[in-house]
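Source file: final.pdb (PDB, C-alpha atoms)
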```
MODEL        1
ATOM      1  CA  MET A   1      20.713  -8.219 -17.933  1.00  0.00           C
ATOM      2  CA  LYS A   2      18.748  -7.676 -14.726  1.00  0.00           C
ATOM      3  CA  LYS A   3      18.593  -4.245 -13.076  1.00  0.00           C
ATOM      4  CA  VAL A   4      18.618  -4.622  -9.300  1.00  0.00           C
ATOM      5  CA  LYS A   5      17.675  -1.736  -6.998  1.00  0.00           C
ATOM      6  CA  ILE A   6      18.684  -2.191  -3.344  1.00  0.00           C
ATOM      7  CA  PHE A   7      17.295   0.015  -0.553  1.00  0.00           C
ATOM      8  CA  ILE A   8      19.147  -0.008   2.748  1.00  0.00           C
ATOM      9  CA  THR A   9      17.563   1.669   5.759  1.00  0.00           C
ATOM     10  CA  LEU A  10      18.090   1.682   9.484  1.00  0.00           C
ATOM     11  CA  LYS A  11      16.031  -0.881  11.402  1.00  0.00           C
ATOM     12  CA  GLU A  12      12.922   0.295  13.274  1.00  0.00           C
ATOM     13  CA  GLY A  13      13.962   1.637  16.679  1.00  0.00           C
ATOM     14  CA  VAL A  14      17.476   2.597  15.605  1.00  0.00           C
ATOM     15  CA  LEU A  15      18.030   6.344  15.998  1.00  0.00           C
ATOM     16  CA  ASP A  16      18.123   8.053  12.590  1.00  0.00           C
ATOM     17  CA  PRO A  17      19.773  11.468  13.123  1.00  0.00           C
ATOM     18  CA  GLN A  18      20.017  12.017   9.366  1.00  0.00           C
ATOM     19  CA  GLY A  19      16.301  11.347   8.944  1.00  0.00           C
ATOM     20  CA  LYS A  20      15.550  13.704  11.839  1.00  0.00           C
ATOM     21  CA  ALA A  21      17.735  16.442  10.325  1.00  0.00           C
ATOM     22  CA  VAL A  22      16.091  16.116   6.903  1.00  0.00           C
ATOM     23  CA  GLN A  23      12.625  16.191   8.478  1.00  0.00           C
ATOM     24  CA  GLU A  24      13.394  19.306  10.519  1.00  0.00           C
ATOM     25  CA  ALA A  25      14.855  21.039   7.465  1.00  0.00           C
ATOM     26  CA  LEU A  26      11.771  20.201   5.407  1.00  0.00           C
ATOM     27  CA  GLN A  27       9.401  21.311   8.162  1.00  0.00           C
ATOM     28  CA  ALA A  28      11.303  24.592   8.521  1.00  0.00           C
ATOM     29  CA  ASN A  29      11.196  25.234   4.782  1.00  0.00           C
ATOM     30  CA  GLY A  30       7.534  25.051   3.956  1.00  0.00           C
ATOM     31  CA  PHE A  31       6.712  21.379   4.386  1.00  0.00           C
ATOM     32  CA  PRO A  32       5.105  21.207   7.853  1.00  0.00           C
ATOM     33  CA  ASP A  33       3.169  17.985   7.160  1.00  0.00           C
ATOM     34  CA  VAL A  34       6.208  15.757   6.540  1.00  0.00           C
ATOM     35  CA  ALA A  35       6.537  13.018   9.201  1.00  0.00           C
ATOM     36  CA  GLU A  36       8.341   9.749   9.928  1.00  0.00           C
ATOM     37  CA  THR A  37      11.280  10.695   7.694  1.00  0.00           C
ATOM     38  CA  ARG A  38      14.010   8.084   7.300  1.00  0.00           C
ATOM     39  CA  VAL A  39      17.116   8.351   5.141  1.00  0.00           C
ATOM     40  CA  GLY A  40      18.928   5.394   3.635  1.00  0.00           C
ATOM     41  CA  LYS A  41      21.180   4.207   0.853  1.00  0.00           C
ATOM     42  CA  TYR A  42      20.008   3.342  -2.643  1.00  0.00           C
ATOM     43  CA  ILE A  43      22.262   1.150  -4.766  1.00  0.00           C
ATOM     44  CA  GLU A  44      21.451   0.254  -8.362  1.00  0.00           C
ATOM     45  CA  MET A  45      23.359  -2.284 -10.471  1.00  0.00           C
ATOM     46  CA  THR A  46      22.998  -4.815 -13.249  1.00  0.00           C
ATOM     47  CA  LEU A  47      23.512  -8.564 -12.924  1.00  0.00           C
ATOM     48  CA  PRO A  48      23.564 -11.250 -15.671  1.00  0.00           C
ATOM     49  CA  ASP A  49      20.253 -12.842 -16.637  1.00  0.00           C
ATOM     50  CA  GLU A  50      21.250 -16.129 -15.044  1.00  0.00           C
ATOM     51  CA  ALA A  51      22.089 -14.570 -11.672  1.00  0.00           C
ATOM     52  CA  ASP A  52      20.178 -15.774  -8.585  1.00  0.00           C
ATOM     53  CA  VAL A  53      19.309 -12.237  -7.519  1.00  0.00           C
ATOM     54  CA  ALA A  54      17.865 -13.112  -4.087  1.00  0.00           C
ATOM     55  CA  LEU A  55      21.011 -15.010  -3.147  1.00  0.00           C
ATOM     56  CA  GLU A  56      23.398 -12.447  -4.646  1.00  0.00           C
ATOM     57  CA  VAL A  57      21.677  -9.497  -2.958  1.00  0.00           C
ATOM     58  CA  GLN A  58      21.659 -11.274   0.399  1.00  0.00           C
ATOM     59  CA  ARG A  59      25.357 -12.142   0.086  1.00  0.00           C
ATOM     60  CA  MET A  60      26.300  -8.618  -1.078  1.00  0.00           C
ATOM     61  CA  CYS A  61      24.353  -6.978   1.736  1.00  0.00           C
ATOM     62  CA  ASP A  62      25.595  -9.348   4.417  1.00  0.00           C
ATOM     63  CA  LYS A  63      29.203  -9.065   3.237  1.00  0.00           C
ATOM     64  CA  LEU A  64      29.572  -5.425   2.173  1.00  0.00           C
ATOM     65  CA  LEU A  65      26.595  -3.182   1.602  1.00  0.00           C
ATOM     66  CA  ALA A  66      24.604  -3.277   4.858  1.00  0.00           C
ATOM     67  CA  ASN A  67      25.412  -3.396   8.553  1.00  0.00           C
ATOM     68  CA  PRO A  68      23.325  -6.399   9.695  1.00  0.00           C
ATOM     69  CA  VAL A  69      23.146  -5.108  13.276  1.00  0.00           C
ATOM     70  CA  MET A  70      21.554  -1.753  12.493  1.00  0.00           C
ATOM     71  CA  GLU A  71      20.361  -1.904   8.894  1.00  0.00           C
ATOM     72  CA  GLU A  72      17.826  -3.833   6.841  1.00  0.00           C
ATOM     73  CA  TYR A  73      17.511  -4.076   3.086  1.00  0.00           C
ATOM     74  CA  SER A  74      14.901  -4.608   0.405  1.00  0.00           C
ATOM     75  CA  TYR A  75      15.264  -4.759  -3.350  1.00  0.00           C
ATOM     76  CA  THR A  76      13.455  -4.762  -6.669  1.00  0.00           C
ATOM     77  CA  VAL A  77      14.442  -6.449  -9.942  1.00  0.00           C
ATOM     78  CA  GLU A  78      13.774  -5.432 -13.526  1.00  0.00           C
ATOM     79  CA  GLU A  79      14.341  -8.231 -16.034  1.00  0.00           C
ATOM     80  CA  GLY A  80      15.489  -8.074 -19.656  1.00  0.00           C
ATOM     81  CA  ILE A  81      17.448  -4.829 -19.421  1.00  0.00           C
ATOM     82  CA  ARG A  82      19.712  -4.068 -22.405  1.00  0.00           C
ATOM     83  CA  SER A  83      22.968  -2.538 -21.091  1.00  0.00           C
TER      84      SER A  83
ATOM     85  CA  MET B   1      -1.330   8.671   5.650  1.00  0.00           C
ATOM     86  CA  LYS B   2       0.686   8.175   2.478  1.00  0.00           C
ATOM     87  CA  LYS B   3       4.167   6.643   2.569  1.00  0.00           C
ATOM     88  CA  VAL B   4       6.403   8.294  -0.012  1.00  0.00           C
ATOM     89  CA  LYS B   5       9.730   6.765  -1.054  1.00  0.00           C
ATOM     90  CA  ILE B   6      12.065   9.111  -2.942  1.00  0.00           C
ATOM     91  CA  PHE B   7      15.122   7.864  -4.857  1.00  0.00           C
ATOM     92  CA  ILE B   8      17.750  10.426  -5.789  1.00  0.00           C
ATOM     93  CA  THR B   9      20.534   9.424  -8.170  1.00  0.00           C
ATOM     94  CA  LEU B  10      23.131  11.182 -10.247  1.00  0.00           C
ATOM     95  CA  LYS B  11      22.057  11.974 -13.811  1.00  0.00           C
ATOM     96  CA  GLU B  12      23.365   9.777 -16.642  1.00  0.00           C
ATOM     97  CA  GLY B  13      26.816  10.984 -17.677  1.00  0.00           C
ATOM     98  CA  VAL B  14      27.672  12.481 -14.304  1.00  0.00           C
ATOM     99  CA  LEU B  15      30.718  10.784 -12.792  1.00  0.00           C
ATOM    100  CA  ASP B  16      29.704   8.554  -9.871  1.00  0.00           C
ATOM    101  CA  PRO B  17      32.874   7.882  -7.846  1.00  0.00           C
ATOM    102  CA  GLN B  18      30.849   6.306  -5.042  1.00  0.00           C
ATOM    103  CA  GLY B  19      29.169   3.918  -7.461  1.00  0.00           C
ATOM    104  CA  LYS B  20      32.558   3.067  -8.965  1.00  0.00           C
ATOM    105  CA  ALA B  21      34.056   2.404  -5.521  1.00  0.00           C
ATOM    106  CA  VAL B  22      31.147   0.145  -4.489  1.00  0.00           C
ATOM    107  CA  GLN B  23      31.378  -1.758  -7.775  1.00  0.00           C
ATOM    108  CA  GLU B  24      35.121  -2.325  -7.435  1.00  0.00           C
ATOM    109  CA  ALA B  25      34.703  -3.459  -3.827  1.00  0.00           C
ATOM    110  CA  LEU B  26      31.971  -5.914  -4.841  1.00  0.00           C
ATOM    111  CA  GLN B  27      33.984  -7.228  -7.777  1.00  0.00           C
ATOM    112  CA  ALA B  28      37.033  -7.717  -5.536  1.00  0.00           C
ATOM    113  CA  ASN B  29      34.979  -9.576  -2.926  1.00  0.00           C
ATOM    114  CA  GLY B  30      33.385 -12.367  -4.863  1.00  0.00           C
ATOM    115  CA  PHE B  31      30.870 -10.583  -7.075  1.00  0.00           C
ATOM    116  CA  PRO B  32      32.638 -10.325 -10.455  1.00  0.00           C
ATOM    117  CA  ASP B  33      29.407 -10.020 -12.480  1.00  0.00           C
ATOM    118  CA  VAL B  34      28.184  -6.775 -10.907  1.00  0.00           C
ATOM    119  CA  ALA B  35      28.077  -3.915 -13.433  1.00  0.00           C
ATOM    120  CA  GLU B  36      26.698  -0.394 -13.940  1.00  0.00           C
ATOM    121  CA  THR B  37      26.636   0.286 -10.196  1.00  0.00           C
ATOM    122  CA  ARG B  38      25.209   3.620  -9.112  1.00  0.00           C
ATOM    123  CA  VAL B  39      24.742   4.869  -5.564  1.00  0.00           C
ATOM    124  CA  GLY B  40      22.101   7.370  -4.503  1.00  0.00           C
ATOM    125  CA  LYS B  41      19.999   8.641  -1.644  1.00  0.00           C
ATOM    126  CA  TYR B  42      16.774   7.006  -0.462  1.00  0.00           C
ATOM    127  CA  ILE B  43      14.392   9.128   1.589  1.00  0.00           C
ATOM    128  CA  GLU B  44      11.185   7.745   3.069  1.00  0.00           C
ATOM    129  CA  MET B  45       8.469   9.809   4.748  1.00  0.00           C
ATOM    130  CA  THR B  46       4.742  10.028   5.376  1.00  0.00           C
ATOM    131  CA  LEU B  47       2.438  12.751   4.112  1.00  0.00           C
ATOM    132  CA  PRO B  48      -1.263  13.375   4.932  1.00  0.00           C
ATOM    133  CA  ASP B  49      -3.862  11.609   2.783  1.00  0.00           C
ATOM    134  CA  GLU B  50      -4.910  14.893   1.167  1.00  0.00           C
ATOM    135  CA  ALA B  51      -1.356  15.824   0.119  1.00  0.00           C
ATOM    136  CA  ASP B  52      -0.652  16.339  -3.603  1.00  0.00           C
ATOM    137  CA  VAL B  53       2.344  14.012  -3.574  1.00  0.00           C
ATOM    138  CA  ALA B  54       3.615  14.786  -7.079  1.00  0.00           C
ATOM    139  CA  LEU B  55       3.693  18.502  -6.321  1.00  0.00           C
ATOM    140  CA  GLU B  56       5.114  18.098  -2.817  1.00  0.00           C
ATOM    141  CA  VAL B  57       7.891  15.744  -3.964  1.00  0.00           C
ATOM    142  CA  GLN B  58       8.835  18.056  -6.821  1.00  0.00           C
ATOM    143  CA  ARG B  59       8.949  21.077  -4.499  1.00  0.00           C
ATOM    144  CA  MET B  60      10.906  19.220  -1.799  1.00  0.00           C
ATOM    145  CA  CYS B  61      13.442  17.898  -4.307  1.00  0.00           C
ATOM    146  CA  ASP B  62      13.843  21.210  -6.122  1.00  0.00           C
ATOM    147  CA  LYS B  63      14.158  23.151  -2.873  1.00  0.00           C
ATOM    148  CA  LEU B  64      16.128  20.836  -0.580  1.00  0.00           C
ATOM    149  CA  LEU B  65      16.606  17.169  -1.330  1.00  0.00           C
ATOM    150  CA  ALA B  66      18.186  17.033  -4.786  1.00  0.00           C
ATOM    151  CA  ASN B  67      20.753  19.070  -6.721  1.00  0.00           C
ATOM    152  CA  PRO B  68      18.849  19.805  -9.948  1.00  0.00           C
ATOM    153  CA  VAL B  69      22.079  20.252 -11.937  1.00  0.00           C
ATOM    154  CA  MET B  70      23.538  16.807 -11.217  1.00  0.00           C
ATOM    155  CA  GLU B  71      20.766  14.723  -9.721  1.00  0.00           C
ATOM    156  CA  GLU B  72      17.410  13.299 -10.769  1.00  0.00           C
ATOM    157  CA  TYR B  73      14.683  11.818  -8.612  1.00  0.00           C
ATOM    158  CA  SER B  74      11.867   9.287  -8.800  1.00  0.00           C
ATOM    159  CA  TYR B  75       9.377   8.230  -6.158  1.00  0.00           C
ATOM    160  CA  THR B  76       6.733   5.694  -5.198  1.00  0.00           C
ATOM    161  CA  VAL B  77       3.622   6.184  -3.044  1.00  0.00           C
ATOM    162  CA  GLU B  78       1.821   3.759  -0.752  1.00  0.00           C
ATOM    163  CA  GLU B  79      -1.675   4.891   0.199  1.00  0.00           C
ATOM    164  CA  GLY B  80      -3.666   4.245   3.386  1.00  0.00           C
ATOM    165  CA  ILE B  81      -0.698   3.781   5.732  1.00  0.00           C
ATOM    166  CA  ARG B  82      -1.556   3.824   9.462  1.00  0.00           C
ATOM    167  CA  SER B  83       1.202   5.715  11.310  1.00  0.00           C
TER     168      SER B  83
ENDMDL
END
```
Before we go any further, please render this structure as structure tokens.
Amino acid sequence: MKKVKIFITLKEGVLDPQGKAVQEALQANGFPDVAETRVGKYIEMTLPDEADVALEVQRMCDKLLANPVMEEYSYTVEEGIRS
Amino acid sequence: MKKVKIFITLKEGVLDPQGKAVQEALQANGFPDVAETRVGKYIEMTLPDEADVALEVQRMCDKLLANPVMEEYSYTVEEGIRS
């Protein structure tokens, strides 16, 4: 099996109220040096060894997981995972 | 600056209704091979070069970002980021 980790964040320039709220909460609670905070979605899954991960991730994100207008995605793959 | 990426997921054994819902949606929309889907939070931020990232991340997660009873976290660090 392959373990795929997908990270979905808002595109640069898109207002990130959640990121702003988290940053302000951190700064108000003893973490004054935190900056440029952005919050996104993290989706982990397994796919069969023969899967074309790049194609599958692109299709999944385009179709369901990410809003192509406002969001961008990146991913990592771990091979040879025993489920 | 250092760019810190924090991944917060539910601990093994904790029911993940969101992960289940995403998996079922993917399987019903042309991705039958997707398995073991888990959904979590992804938080990205910058910290000063001199920051003790391991300590800061642990304190931030324990204090604000993660529920220690149900969630676990991991993180990556990129050094020398120009903000």
message: Taking the file as I've supplied it (selection: the PyMOL selection byres ((chain B and resi 63-68) around 12)), which residues are included? Please answer as a PyMOL selection string.
response: (chain A and resi 19+21-31+39) or (chain B and resi 6-11+40-44+55-62+69-74)
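Here atom CA of Pro32 of chain B is placed at a distance of 9.6 Å from atom CA of Leu47 of chain A.
The two atoms in question, atom CA of Leu15 of chain A and atom CA of Arg38 of chain A, are spaced 9.7 Å apart.
Using all atoms listed in the file, the smallest distance between any of A:Val14, A:Gly80, A:Asp33, A:Val4 and chain B comes from A:Asp33.
Closest to chain B among A:Glu12, A:Glu50, A:Lys20, A:Ala35 is A:Ala35, based on all atoms listed in the file.
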- request: I would like the residues chosen by the PyMOL selection byres ((chain B and resi 3) around 7) on the shown file; could you give them as a PyMOL selection string?
  value: chain B and resi 1-2+4-5+45-47+77-79+81
Since we have the selection now, will you write its residues out, keeping C-alpha atoms, as a compact mmCIF listing (two decimals), in the coordinates of the input?
```
# COMPACT_ATOMS: atom_id res chain seq x y z
CA MET B 1 -1.33 8.67 5.65
CA LYS B 2 0.69 8.18 2.48
CA VAL B 4 6.40 8.29 -0.01
CA LYS B 5 9.73 6.76 -1.05
CA MET B 45 8.47 9.81 4.75
CA THR B 46 4.74 10.03 5.38
CA LEU B 47 2.44 12.75 4.11
CA VAL B 77 3.62 6.18 -3.04
CA GLU B 78 1.82 3.76 -0.75
CA GLU B 79 -1.68 4.89 0.20
CA ILE B 81 -0.70 3.78 5.73
```
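Remark: for chain B, the closest of the candidate residues A:Gly13, A:Pro48, A:Gln18, A:Thr76 is A:Pro48 (distances computed over all atoms listed in the file).
A straight line drawn from atom CA of Asp16 of chain A to atom CA of Thr37 of chain A is 8.8 Å long.
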If I wrap all listed atoms of segment 56-62 of chain B in a box with edges along x, y and z and add 5 Å on each side, what are its centre and edge lengths in Å to one decimal, as AutoDock Vina command-line options?
```
--center_x 9.5 --center_y 18.5 --center_z -4.3 --size_x 18.7 --size_y 15.5 --size_z 15.0
```
